[in-house]
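Novice: See query_4.pdb below, with PDB, N, CA and C atoms.
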ATOM      1  N   MET A   1     -64.634  39.937  97.098
ATOM      2  CA  MET A   1     -64.758  38.527  96.819
ATOM      3  C   MET A   1     -65.913  38.267  95.860
ATOM      4  N   ARG A   2     -67.026  38.976  96.041
ATOM      5  CA  ARG A   2     -68.187  38.774  95.191
ATOM      6  C   ARG A   2     -67.846  39.082  93.737
ATOM      7  N   GLY A   3     -67.040  40.134  93.487
ATOM      8  CA  GLY A   3     -66.651  40.493  92.129
ATOM      9  C   GLY A   3     -65.854  39.396  91.454
ATOM     10  N   MET A   4     -64.952  38.774  92.206
ATOM     11  CA  MET A   4     -64.141  37.690  91.660
ATOM     12  C   MET A   4     -65.022  36.499  91.309
ATOM     13  N   LYS A   5     -65.979  36.170  92.180
ATOM     14  CA  LYS A   5     -66.888  35.059  91.910
ATOM     15  C   LYS A   5     -67.738  35.368  90.685
ATOM     16  N   GLY A   6     -68.204  36.592  90.582
ATOM     17  CA  GLY A   6     -68.987  37.006  89.419
ATOM     18  C   GLY A   6     -68.177  36.901  88.134
ATOM     19  N   ASN A   7     -66.894  37.308  88.182
ATOM     20  CA  ASN A   7     -66.029  37.195  87.006
ATOM     21  C   ASN A   7     -65.836  35.746  86.603
ATOM     22  N   SER A   8     -65.702  34.861  87.575
ATOM     23  CA  SER A   8     -65.552  33.439  87.267
ATOM     24  C   SER A   8     -66.803  32.908  86.594
ATOM     25  N   LEU A   9     -67.954  33.322  87.085
ATOM     26  CA  LEU A   9     -69.207  32.880  86.480
ATOM     27  C   LEU A   9     -69.365  33.436  85.075
ATOM     28  N   VAL A  10     -68.978  34.690  84.879
ATOM     29  CA  VAL A  10     -69.034  35.293  83.553
ATOM     30  C   VAL A  10     -68.113  34.536  82.600
ATOM     31  N   LEU A  11     -66.926  34.201  83.072
ATOM     32  CA  LEU A  11     -65.983  33.457  82.248
ATOM     33  C   LEU A  11     -66.566  32.113  81.845
ATOM     34  N   MET A  12     -67.187  31.412  82.781
ATOM     35  CA  MET A  12     -67.775  30.110  82.461
ATOM     36  C   MET A  12     -68.891  30.270  81.437
ATOM     37  N   LEU A  13     -69.700  31.306  81.581
ATOM     38  CA  LEU A  13     -70.763  31.520  80.605
ATOM     39  C   LEU A  13     -70.181  31.869  79.252
ATOM     40  N   LEU A  14     -69.147  32.703  79.238
ATOM     41  CA  LEU A  14     -68.507  33.045  77.974
ATOM     42  C   LEU A  14     -68.053  31.780  77.265
ATOM     43  N   LEU A  15     -67.398  30.922  78.004
ATOM     44  CA  LEU A  15     -66.943  29.668  77.417
ATOM     45  C   LEU A  15     -68.134  28.855  76.928
ATOM     46  N   ALA A  16     -69.183  28.802  77.734
ATOM     47  CA  ALA A  16     -70.370  28.041  77.331
ATOM     48  C   ALA A  16     -70.963  28.598  76.045
ATOM     49  N   LEU A  17     -71.081  29.904  75.978
ATOM     50  CA  LEU A  17     -71.667  30.496  74.782
ATOM     51  C   LEU A  17     -70.749  30.365  73.575
ATOM     52  N   LEU A  18     -69.465  30.449  73.800
ATOM     53  CA  LEU A  18     -68.545  30.240  72.692
ATOM     54  C   LEU A  18     -68.658  28.819  72.157
ATOM     55  N   VAL A  19     -68.818  27.890  73.064
ATOM     56  CA  VAL A  19     -68.934  26.493  72.659
ATOM     57  C   VAL A  19     -70.236  26.243  71.920
ATOM     58  N   VAL A  20     -71.256  27.023  72.213
ATOM     59  CA  VAL A  20     -72.529  26.852  71.528
ATOM     60  C   VAL A  20     -72.350  26.973  70.014
ATOM     61  N   GLY A  21     -71.362  27.727  69.583
ATOM     62  CA  GLY A  21     -71.095  27.825  68.148
ATOM     63  C   GLY A  21     -70.793  26.481  67.529
ATOM     64  N   LYS A  22     -70.364  25.552  68.319
ATOM     65  CA  LYS A  22     -70.122  24.186  67.845
ATOM     66  C   LYS A  22     -71.318  23.355  68.291
ATOM     67  N   TRP A  23     -72.452  23.587  67.701
ATOM     68  CA  TRP A  23     -73.694  22.992  68.174
ATOM     69  C   TRP A  23     -73.938  21.592  67.682
ATOM     70  N   GLU A  24     -73.063  21.068  66.833
ATOM     71  CA  GLU A  24     -73.185  19.682  66.427
ATOM     72  C   GLU A  24     -72.569  18.833  67.531
ATOM     73  N   VAL A  25     -73.381  18.052  68.196
ATOM     74  CA  VAL A  25     -72.883  17.227  69.284
ATOM     75  C   VAL A  25     -72.233  15.983  68.701
ATOM     76  N   LYS A  26     -71.014  15.696  69.141
ATOM     77  CA  LYS A  26     -70.305  14.530  68.655
ATOM     78  C   LYS A  26     -70.937  13.265  69.224
ATOM     79  N   VAL A  27     -70.836  12.184  68.461
ATOM     80  CA  VAL A  27     -71.416  10.914  68.866
ATOM     81  C   VAL A  27     -70.591  10.258  69.969
ATOM     82  N   ALA A  28     -69.290  10.397  69.917
ATOM     83  CA  ALA A  28     -68.418   9.755  70.897
ATOM     84  C   ALA A  28     -68.713  10.282  72.299
ATOM     85  N   ALA A  29     -68.787   9.364  73.256
ATOM     86  CA  ALA A  29     -69.052   9.749  74.636
ATOM     87  C   ALA A  29     -67.811  10.407  75.231
ATOM     88  N   VAL A  30     -68.069  11.378  76.095
ATOM     89  CA  VAL A  30     -66.992  12.077  76.789
ATOM     90  C   VAL A  30     -67.139  11.744  78.272
ATOM     91  N   THR A  31     -66.052  11.354  78.896
ATOM     92  CA  THR A  31     -66.112  10.998  80.315
ATOM     93  C   THR A  31     -66.193  12.264  81.176
ATOM     94  N   PRO A  32     -66.706  12.137  82.391
ATOM     95  CA  PRO A  32     -66.742  13.292  83.292
ATOM     96  C   PRO A  32     -65.360  13.913  83.525
ATOM     97  N   SER A  33     -64.332  13.092  83.610
ATOM     98  CA  SER A  33     -62.987  13.650  83.828
ATOM     99  C   SER A  33     -62.501  14.402  82.585
ATOM    100  N   GLU A  34     -62.851  13.923  81.392
ATOM    101  CA  GLU A  34     -62.496  14.647  80.163
ATOM    102  C   GLU A  34     -63.230  15.981  80.105
ATOM    103  N   CYS A  35     -64.507  15.988  80.485
ATOM    104  CA  CYS A  35     -65.272  17.246  80.507
ATOM    105  C   CYS A  35     -64.661  18.234  81.495
ATOM    106  N   LYS A  36     -64.293  17.752  82.655
ATOM    107  CA  LYS A  36     -63.694  18.635  83.657
ATOM    108  C   LYS A  36     -62.412  19.257  83.116
ATOM    109  N   GLU A  37     -61.603  18.458  82.446
ATOM    110  CA  GLU A  37     -60.348  18.964  81.876
ATOM    111  C   GLU A  37     -60.624  19.967  80.753
ATOM    112  N   GLU A  38     -61.607  19.690  79.901
ATOM    113  CA  GLU A  38     -61.957  20.636  78.841
ATOM    114  C   GLU A  38     -62.394  21.972  79.431
ATOM    115  N   ARG A  39     -63.219  21.943  80.474
ATOM    116  CA  ARG A  39     -63.654  23.192  81.110
ATOM    117  C   ARG A  39     -62.474  23.936  81.721
ATOM    118  N   ARG A  40     -61.567  23.223  82.358
ATOM    119  CA  ARG A  40     -60.393  23.858  82.970
ATOM    120  C   ARG A  40     -59.527  24.534  81.904
ATOM    121  N   LEU A  41     -59.240  23.805  80.833
ATOM    122  CA  LEU A  41     -58.410  24.363  79.765
ATOM    123  C   LEU A  41     -59.069  25.577  79.109
ATOM    124  N   GLY A  42     -60.356  25.464  78.847
ATOM    125  CA  GLY A  42     -61.078  26.577  78.225
ATOM    126  C   GLY A  42     -61.147  27.798  79.121
ATOM    127  N   THR A  43     -61.406  27.570  80.405
ATOM    128  CA  THR A  43     -61.467  28.680  81.357
ATOM    129  C   THR A  43     -60.128  29.398  81.422
ATOM    130  N   ASN A  44     -59.045  28.650  81.510
ATOM    131  CA  ASN A  44     -57.715  29.270  81.570
ATOM    132  C   ASN A  44     -57.384  30.016  80.282
ATOM    133  N   ALA A  45     -57.708  29.430  79.142
ATOM    134  CA  ALA A  45     -57.380  30.063  77.859
ATOM    135  C   ALA A  45     -58.194  31.327  77.620
ATOM    136  N   CYS A  46     -59.428  31.359  78.099
ATOM    137  CA  CYS A  46     -60.329  32.482  77.795
ATOM    138  C   CYS A  46     -60.464  33.489  78.931
ATOM    139  N   ARG A  47     -59.767  33.298  80.022
ATOM    140  CA  ARG A  47     -59.863  34.204  81.175
ATOM    141  C   ARG A  47     -59.656  35.679  80.812
ATOM    142  N   PRO A  48     -58.692  36.043  79.947
ATOM    143  CA  PRO A  48     -58.501  37.465  79.637
ATOM    144  C   PRO A  48     -59.726  38.143  79.002
ATOM    145  N   VAL A  49     -60.600  37.381  78.390
ATOM    146  CA  VAL A  49     -61.801  37.947  77.769
ATOM    147  C   VAL A  49     -62.690  38.585  78.829
ATOM    148  N   VAL A  50     -62.719  38.009  80.025
ATOM    149  CA  VAL A  50     -63.515  38.557  81.119
ATOM    150  C   VAL A  50     -63.067  39.980  81.443
ATOM    151  N   PHE A  51     -61.788  40.246  81.248
ATOM    152  CA  PHE A  51     -61.241  41.563  81.576
ATOM    153  C   PHE A  51     -61.172  42.490  80.373
ATOM    154  N   GLY A  52     -61.964  42.198  79.341
ATOM    155  CA  GLY A  52     -62.113  43.101  78.211
ATOM    156  C   GLY A  52     -61.193  42.858  77.033
ATOM    157  N   ARG A  53     -60.351  41.856  77.110
ATOM    158  CA  ARG A  53     -59.446  41.568  75.994
ATOM    159  C   ARG A  53     -60.153  40.762  74.916
ATOM    160  N   GLU A  54     -59.574  40.784  73.752
ATOM    161  CA  GLU A  54     -60.097  39.987  72.648
ATOM    162  C   GLU A  54     -59.733  38.517  72.869
ATOM    163  N   PRO A  55     -60.533  37.593  72.354
ATOM    164  CA  PRO A  55     -60.181  36.169  72.483
ATOM    165  C   PRO A  55     -58.849  35.887  71.784
ATOM    166  N   SER A  56     -57.986  35.165  72.457
ATOM    167  CA  SER A  56     -56.696  34.788  71.877
ATOM    168  C   SER A  56     -56.908  33.613  70.920
ATOM    169  N   PRO A  57     -55.924  33.347  70.063
ATOM    170  CA  PRO A  57     -56.027  32.151  69.215
ATOM    171  C   PRO A  57     -56.206  30.881  70.050
ATOM    172  N   GLU A  58     -55.541  30.805  71.200
ATOM    173  CA  GLU A  58     -55.687  29.635  72.074
ATOM    174  C   GLU A  58     -57.121  29.522  72.606
ATOM    175  N   CYS A  59     -57.705  30.650  73.003
ATOM    176  CA  CYS A  59     -59.087  30.654  73.487
ATOM    177  C   CYS A  59     -60.022  30.169  72.383
ATOM    178  N   CYS A  60     -59.883  30.725  71.204
ATOM    179  CA  CYS A  60     -60.754  30.326  70.092
ATOM    180  C   CYS A  60     -60.573  28.846  69.749
ATOM    181  N   GLN A  61     -59.351  28.357  69.841
ATOM    182  CA  GLN A  61     -59.106  26.936  69.580
ATOM    183  C   GLN A  61     -59.815  26.071  70.622
ATOM    184  N   ARG A  62     -59.719  26.463  71.880
ATOM    185  CA  ARG A  62     -60.403  25.700  72.937
ATOM    186  C   ARG A  62     -61.902  25.690  72.691
ATOM    187  N   VAL A  63     -62.422  26.816  72.238
ATOM    188  CA  VAL A  63     -63.851  26.907  71.937
ATOM    189  C   VAL A  63     -64.228  25.909  70.842
ATOM    190  N   ARG A  64     -63.376  25.788  69.852
ATOM    191  CA  ARG A  64     -63.690  24.901  68.732
ATOM    192  C   ARG A  64     -63.619  23.421  69.091
ATOM    193  N   VAL A  65     -62.823  23.050  70.078
ATOM    194  CA  VAL A  65     -62.649  21.626  70.377
ATOM    195  C   VAL A  65     -63.406  21.158  71.631
ATOM    196  N   THR A  66     -63.926  22.077  72.426
ATOM    197  CA  THR A  66     -64.637  21.696  73.638
ATOM    198  C   THR A  66     -66.019  21.162  73.289
ATOM    199  N   HIS A  67     -66.392  20.063  73.908
ATOM    200  CA  HIS A  67     -67.704  19.446  73.681
ATOM    201  C   HIS A  67     -68.786  20.258  74.382
ATOM    202  N   ILE A  68     -69.830  20.587  73.656
ATOM    203  CA  ILE A  68     -70.918  21.384  74.217
ATOM    204  C   ILE A  68     -71.563  20.695  75.409
ATOM    205  N   GLU A  69     -71.635  19.373  75.375
ATOM    206  CA  GLU A  69     -72.271  18.644  76.473
ATOM    207  C   GLU A  69     -71.454  18.715  77.763
ATOM    208  N   CYS A  70     -70.230  19.216  77.673
ATOM    209  CA  CYS A  70     -69.405  19.404  78.868
ATOM    210  C   CYS A  70     -69.660  20.761  79.527
ATOM    211  N   VAL A  71     -70.237  21.684  78.803
ATOM    212  CA  VAL A  71     -70.356  23.055  79.301
ATOM    213  C   VAL A  71     -71.793  23.448  79.617
ATOM    214  N   CYS A  72     -72.711  23.178  78.723
ATOM    215  CA  CYS A  72     -74.089  23.664  78.902
ATOM    216  C   CYS A  72     -74.740  23.243  80.213
ATOM    217  N   PRO A  73     -74.489  22.041  80.730
ATOM    218  CA  PRO A  73     -75.107  21.694  82.015
ATOM    219  C   PRO A  73     -74.707  22.625  83.170
ATOM    220  N   PHE A  74     -73.647  23.381  83.015
ATOM    221  CA  PHE A  74     -73.184  24.274  84.076
ATOM    222  C   PHE A  74     -73.753  25.686  83.955
ATOM    223  N   VAL A  75     -74.551  25.938  82.938
ATOM    224  CA  VAL A  75     -75.156  27.262  82.771
ATOM    225  C   VAL A  75     -76.474  27.264  83.560
ATOM    226  N   SER A  76     -76.361  27.632  84.813
ATOM    227  CA  SER A  76     -77.497  27.615  85.740
ATOM    228  C   SER A  76     -78.327  28.894  85.610
ATOM    229  N   PRO A  77     -79.533  28.896  86.171
ATOM    230  CA  PRO A  77     -80.326  30.137  86.174
ATOM    231  C   PRO A  77     -79.594  31.286  86.870
ATOM    232  N   LYS A  78     -78.873  30.990  87.947
ATOM    233  CA  LYS A  78     -78.122  32.032  88.666
ATOM    234  C   LYS A  78     -77.038  32.626  87.763
ATOM    235  N   LEU A  79     -76.307  31.770  87.069
ATOM    236  CA  LEU A  79     -75.271  32.230  86.151
ATOM    237  C   LEU A  79     -75.891  33.030  85.003
ATOM    238  N   ALA A  80     -76.989  32.553  84.478
ATOM    239  CA  ALA A  80     -77.679  33.253  83.391
ATOM    240  C   ALA A  80     -78.094  34.656  83.830
ATOM    241  N   ALA A  81     -78.595  34.780  85.057
ATOM    242  CA  ALA A  81     -79.009  36.091  85.565
ATOM    243  C   ALA A  81     -77.822  37.036  85.697
ATOM    244  N   LEU A  82     -76.665  36.513  86.086
ATOM    245  CA  LEU A  82     -75.476  37.352  86.247
ATOM    246  C   LEU A  82     -74.958  37.890  84.917
ATOM    247  N   ILE A  83     -75.087  37.104  83.872
ATOM    248  CA  ILE A  83     -74.475  37.469  82.601
ATOM    249  C   ILE A  83     -75.442  38.118  81.616
ATOM    250  N   ASN A  84     -76.702  38.104  81.910
ATOM    251  CA  ASN A  84     -77.712  38.564  80.969
ATOM    252  C   ASN A  84     -77.384  39.923  80.342
ATOM    253  N   ALA A  85     -76.867  40.874  81.122
ATOM    254  CA  ALA A  85     -76.557  42.208  80.602
ATOM    255  C   ALA A  85     -75.419  42.188  79.588
ATOM    256  N   ASP A  86     -74.520  41.205  79.676
ATOM    257  CA  ASP A  86     -73.373  41.125  78.778
ATOM    258  C   ASP A  86     -73.576  40.158  77.612
ATOM    259  N   LEU A  87     -74.774  39.654  77.433
ATOM    260  CA  LEU A  87     -75.004  38.629  76.420
ATOM    261  C   LEU A  87     -74.627  39.103  75.016
ATOM    262  N   ASN A  88     -74.994  40.321  74.650
ATOM    263  CA  ASN A  88     -74.650  40.816  73.311
ATOM    264  C   ASN A  88     -73.143  40.958  73.125
ATOM    265  N   ARG A  89     -72.446  41.384  74.162
ATOM    266  CA  ARG A  89     -70.984  41.488  74.111
ATOM    267  C   ARG A  89     -70.373  40.104  73.905
ATOM    268  N   ILE A  90     -70.895  39.131  74.621
ATOM    269  CA  ILE A  90     -70.378  37.774  74.502
ATOM    270  C   ILE A  90     -70.637  37.212  73.107
ATOM    271  N   VAL A  91     -71.801  37.462  72.576
ATOM    272  CA  VAL A  91     -72.113  36.991  71.222
ATOM    273  C   VAL A  91     -71.133  37.602  70.225
ATOM    274  N   ARG A  92     -70.790  38.880  70.402
ATOM    275  CA  ARG A  92     -69.795  39.514  69.520
ATOM    276  C   ARG A  92     -68.437  38.816  69.638
ATOM    277  N   LYS A  93     -68.045  38.470  70.855
ATOM    278  CA  LYS A  93     -66.768  37.771  71.060
ATOM    279  C   LYS A  93     -66.786  36.401  70.381
ATOM    280  N   ILE A  94     -67.915  35.741  70.439
ATOM    281  CA  ILE A  94     -68.048  34.445  69.771
ATOM    282  C   ILE A  94     -67.810  34.609  68.274
ATOM    283  N   LYS A  95     -68.410  35.629  67.720
ATOM    284  CA  LYS A  95     -68.232  35.884  66.289
ATOM    285  C   LYS A  95     -66.788  36.240  65.968
ATOM    286  N   ASP A  96     -66.098  36.906  66.908
ATOM    287  CA  ASP A  96     -64.673  37.201  66.723
ATOM    288  C   ASP A  96     -63.855  35.924  66.557
ATOM    289  N   CYS A  97     -64.343  34.842  67.130
ATOM    290  CA  CYS A  97     -63.657  33.545  67.008
ATOM    291  C   CYS A  97     -64.066  32.813  65.726
ATOM    292  N   GLY A  98     -64.908  33.440  64.915
ATOM    293  CA  GLY A  98     -65.316  32.803  63.663
ATOM    294  C   GLY A  98     -66.438  31.800  63.827
ATOM    295  N   ARG A  99     -67.130  31.846  64.927
ATOM    296  CA  ARG A  99     -68.233  30.926  65.170
ATOM    297  C   ARG A  99     -69.556  31.611  64.882
ATOM    298  N   THR A 100     -70.512  30.859  64.429
ATOM    299  CA  THR A 100     -71.863  31.382  64.270
ATOM    300  C   THR A 100     -72.739  30.734  65.330
ATOM    301  N   LEU A 101     -73.759  31.434  65.722
ATOM    302  CA  LEU A 101     -74.669  30.924  66.739
ATOM    303  C   LEU A 101     -76.061  30.784  66.153
ATOM    304  N   PRO A 102     -76.647  29.623  66.279
ATOM    305  CA  PRO A 102     -78.028  29.471  65.805
ATOM    306  C   PRO A 102     -78.962  30.294  66.688
ATOM    307  N   SER A 103     -79.869  31.009  66.091
ATOM    308  CA  SER A 103     -80.834  31.794  66.870
ATOM    309  C   SER A 103     -81.680  30.870  67.723
ATOM    310  N   HIS A 104     -81.963  31.330  68.908
ATOM    311  CA  HIS A 104     -82.841  30.639  69.852
ATOM    312  C   HIS A 104     -82.284  29.304  70.341
ATOM    313  N   PHE A 105     -80.975  29.109  70.212
ATOM    314  CA  PHE A 105     -80.348  27.893  70.729
ATOM    315  C   PHE A 105     -80.285  27.988  72.241
ATOM    316  N   LYS A 106     -80.641  26.921  72.923
ATOM    317  CA  LYS A 106     -80.651  26.907  74.398
ATOM    318  C   LYS A 106     -79.442  26.120  74.900
ATOM    319  N   CYS A 107     -78.667  26.795  75.757
ATOM    320  CA  CYS A 107     -77.505  26.183  76.401
ATOM    321  C   CYS A 107     -77.695  26.382  77.888
ATOM    322  N   GLY A 108     -78.086  25.337  78.594
ATOM    323  CA  GLY A 108     -78.390  25.485  80.004
ATOM    324  C   GLY A 108     -79.560  26.441  80.168
ATOM    325  N   SER A 109     -79.374  27.482  80.959
ATOM    326  CA  SER A 109     -80.444  28.462  81.204
ATOM    327  C   SER A 109     -80.333  29.697  80.319
ATOM    328  N   ILE A 110     -79.494  29.654  79.312
ATOM    329  CA  ILE A 110     -79.329  30.788  78.397
ATOM    330  C   ILE A 110     -79.922  30.415  77.049
ATOM    331  N   THR A 111     -80.631  31.346  76.460
ATOM    332  CA  THR A 111     -81.111  31.177  75.095
ATOM    333  C   THR A 111     -80.480  32.279  74.262
ATOM    334  N   ILE A 112     -79.807  31.871  73.182
ATOM    335  CA  ILE A 112     -79.148  32.838  72.304
ATOM    336  C   ILE A 112     -80.231  33.648  71.585
ATOM    337  N   PRO A 113     -80.089  34.983  71.585
ATOM    338  CA  PRO A 113     -81.124  35.804  70.898
ATOM    339  C   PRO A 113     -81.135  35.558  69.398
TER     340      PRO A 113
END
The structure given in the file should be rewritten as structure tokens.
Specialist:
Amino acid sequence: MRGMKGNSLVLMLLLALLVVGKWEVKVAAVTPSECKEERRLGTNACRPVVFGREPSPECCQRVRVTHIECVCPFVSPKLAALINADLNRIVRKIKDCGRTLPSHFKCGSITIP
């Protein structure tokens, strides 16, 4: 059970870090229900990445349209500690989606190297 929970947390962080590539925050407000739906769609689209697969076109699309303010608040210190060893792998996956990451950008409890 612990492994499954860890994979879910890794997936959420992956999505969060992928979304960081879209660091321009939109002016339009996003409702809590819209954020919840964006996280659900992104998690489902990017789940195979947790198991070592490359990001699918659908995953990369979700990354491009998900609002950063919907994801970063969920990157807790506990989640950051779980994913810290895979951070470089995740950054590579982000780049596979054609996103760039600003150095030292902070998303929740994670800071991009």
Novice: Got a sec to resolve the PyMOL selection byres (((chain A and resi 64-78 and name CA) around 6) and name CA) on this structure and send the residues as a PDB file with N, CA and C atoms, in the frame of the given file?
Specialist:
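Result went into selection-v8.pdb, see below:
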ATOM      1  N   ALA A  16     -69.183  28.802  77.734  1.00  0.00           N
ATOM      2  CA  ALA A  16     -70.370  28.041  77.331  1.00  0.00           C
ATOM      3  C   ALA A  16     -70.963  28.598  76.045  1.00  0.00           C
ATOM      4  N   VAL A  19     -68.818  27.890  73.064  1.00  0.00           N
ATOM      5  CA  VAL A  19     -68.934  26.493  72.659  1.00  0.00           C
ATOM      6  C   VAL A  19     -70.236  26.243  71.920  1.00  0.00           C
ATOM      7  N   CYS A  35     -64.507  15.988  80.485  1.00  0.00           N
ATOM      8  CA  CYS A  35     -65.272  17.246  80.507  1.00  0.00           C
ATOM      9  C   CYS A  35     -64.661  18.234  81.495  1.00  0.00           C
ATOM     10  N   GLU A  38     -61.607  19.690  79.901  1.00  0.00           N
ATOM     11  CA  GLU A  38     -61.957  20.636  78.841  1.00  0.00           C
ATOM     12  C   GLU A  38     -62.394  21.972  79.431  1.00  0.00           C
ATOM     13  N   GLN A  61     -59.351  28.357  69.841  1.00  0.00           N
ATOM     14  CA  GLN A  61     -59.106  26.936  69.580  1.00  0.00           C
ATOM     15  C   GLN A  61     -59.815  26.071  70.622  1.00  0.00           C
ATOM     16  N   ARG A  62     -59.719  26.463  71.880  1.00  0.00           N
ATOM     17  CA  ARG A  62     -60.403  25.700  72.937  1.00  0.00           C
ATOM     18  C   ARG A  62     -61.902  25.690  72.691  1.00  0.00           C
ATOM     19  N   VAL A  63     -62.422  26.816  72.238  1.00  0.00           N
ATOM     20  CA  VAL A  63     -63.851  26.907  71.937  1.00  0.00           C
ATOM     21  C   VAL A  63     -64.228  25.909  70.842  1.00  0.00           C
ATOM     22  N   LEU A  79     -76.307  31.770  87.069  1.00  0.00           N
ATOM     23  CA  LEU A  79     -75.271  32.230  86.151  1.00  0.00           C
ATOM     24  C   LEU A  79     -75.891  33.030  85.003  1.00  0.00           C
ATOM     25  N   ALA A  80     -76.989  32.553  84.478  1.00  0.00           N
ATOM     26  CA  ALA A  80     -77.679  33.253  83.391  1.00  0.00           C
ATOM     27  C   ALA A  80     -78.094  34.656  83.830  1.00  0.00           C
ATOM     28  N   ALA A  81     -78.595  34.780  85.057  1.00  0.00           N
ATOM     29  CA  ALA A  81     -79.009  36.091  85.565  1.00  0.00           C
ATOM     30  C   ALA A  81     -77.822  37.036  85.697  1.00  0.00           C
ATOM     31  N   CYS A 107     -78.667  26.795  75.757  1.00  0.00           N
ATOM     32  CA  CYS A 107     -77.505  26.183  76.401  1.00  0.00           C
ATOM     33  C   CYS A 107     -77.695  26.382  77.888  1.00  0.00           C
ATOM     34  N   GLY A 108     -78.086  25.337  78.594  1.00  0.00           N
ATOM     35  CA  GLY A 108     -78.390  25.485  80.004  1.00  0.00           C
ATOM     36  C   GLY A 108     -79.560  26.441  80.168  1.00  0.00           C
ATOM     37  N   SER A 109     -79.374  27.482  80.959  1.00  0.00           N
ATOM     38  CA  SER A 109     -80.444  28.462  81.204  1.00  0.00           C
ATOM     39  C   SER A 109     -80.333  29.697  80.319  1.00  0.00           C
TER      40      SER A 109
END
Novice: Apply the PyMOL selection byres ((chain A and resi 46) around 6.5) to the displayed file and report the matching residues as a PyMOL selection string.
Specialist: chain A and resi 11+41-45+47-50+55-56+58-59
Novice: Do a neighbour search on A:Pro113 at 6.5 Å with all atoms listed in the file, toss out local chain neighbours closer than 3 positions, and write the hits as a list in words.
Specialist: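 Listed by chain and then number, they are Pro102, Ser103, His104 and Phe105 of chain A.
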Novice: Can you write just those residues out, N, CA and C atoms, as a PDB file, keeping the file's coordinate frame?
Specialist:
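Final output, out-v9.pdb:
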ATOM      1  N   PRO A 102     -76.647  29.623  66.279  1.00  0.00           N
ATOM      2  CA  PRO A 102     -78.028  29.471  65.805  1.00  0.00           C
ATOM      3  C   PRO A 102     -78.962  30.294  66.688  1.00  0.00           C
ATOM      4  N   SER A 103     -79.869  31.009  66.091  1.00  0.00           N
ATOM      5  CA  SER A 103     -80.834  31.794  66.870  1.00  0.00           C
ATOM      6  C   SER A 103     -81.680  30.870  67.723  1.00  0.00           C
ATOM      7  N   HIS A 104     -81.963  31.330  68.908  1.00  0.00           N
ATOM      8  CA  HIS A 104     -82.841  30.639  69.852  1.00  0.00           C
ATOM      9  C   HIS A 104     -82.284  29.304  70.341  1.00  0.00           C
ATOM     10  N   PHE A 105     -80.975  29.109  70.212  1.00  0.00           N
ATOM     11  CA  PHE A 105     -80.348  27.893  70.729  1.00  0.00           C
ATOM     12  C   PHE A 105     -80.285  27.988  72.241  1.00  0.00           C
TER      13      PHE A 105
END
Novice: Can you work out the spacing between atom N of A:Leu101 and atom CA of A:Glu34 in Å, to one decimal?
Specialist: 24.8 Å
Novice: For a test of reading the model, state the distance in Å between atom C of A:Pro57 and atom C of A:Glu37, rounded to one decimal.
Specialist: 15.9 Å
Novice: Separation of atom CA of A:Asn88 and atom CA of A:Gly52, in Å?
Specialist: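 A separation of 13.7 Å between them.
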Novice: Run DSSP on the backbone and grab whatever in stretch 20-113 of chain A lands in strand (DSSP E); send it over as a PDB file with N, CA and C atoms, in the frame of the given file.
Specialist:
ATOM      1  N   LYS A 106     -80.641  26.921  72.923  1.00  0.00           N
ATOM      2  CA  LYS A 106     -80.651  26.907  74.398  1.00  0.00           C
ATOM      3  C   LYS A 106     -79.442  26.120  74.900  1.00  0.00           C
ATOM      4  N   CYS A 107     -78.667  26.795  75.757  1.00  0.00           N
ATOM      5  CA  CYS A 107     -77.505  26.183  76.401  1.00  0.00           C
ATOM      6  C   CYS A 107     -77.695  26.382  77.888  1.00  0.00           C
ATOM      7  N   ILE A 110     -79.494  29.654  79.312  1.00  0.00           N
ATOM      8  CA  ILE A 110     -79.329  30.788  78.397  1.00  0.00           C
ATOM      9  C   ILE A 110     -79.922  30.415  77.049  1.00  0.00           C
ATOM     10  N   THR A 111     -80.631  31.346  76.460  1.00  0.00           N
ATOM     11  CA  THR A 111     -81.111  31.177  75.095  1.00  0.00           C
ATOM     12  C   THR A 111     -80.480  32.279  74.262  1.00  0.00           C
TER      13      THR A 111
END
Novice: If you run DSSP on this backbone, which residues of stretch 17-104 of chain A come out as helix (DSSP H, G or I), and could you give them as a PyMOL selection string?
Specialist: chain A and resi 17-20+32-50+57-65+68-74+77-96
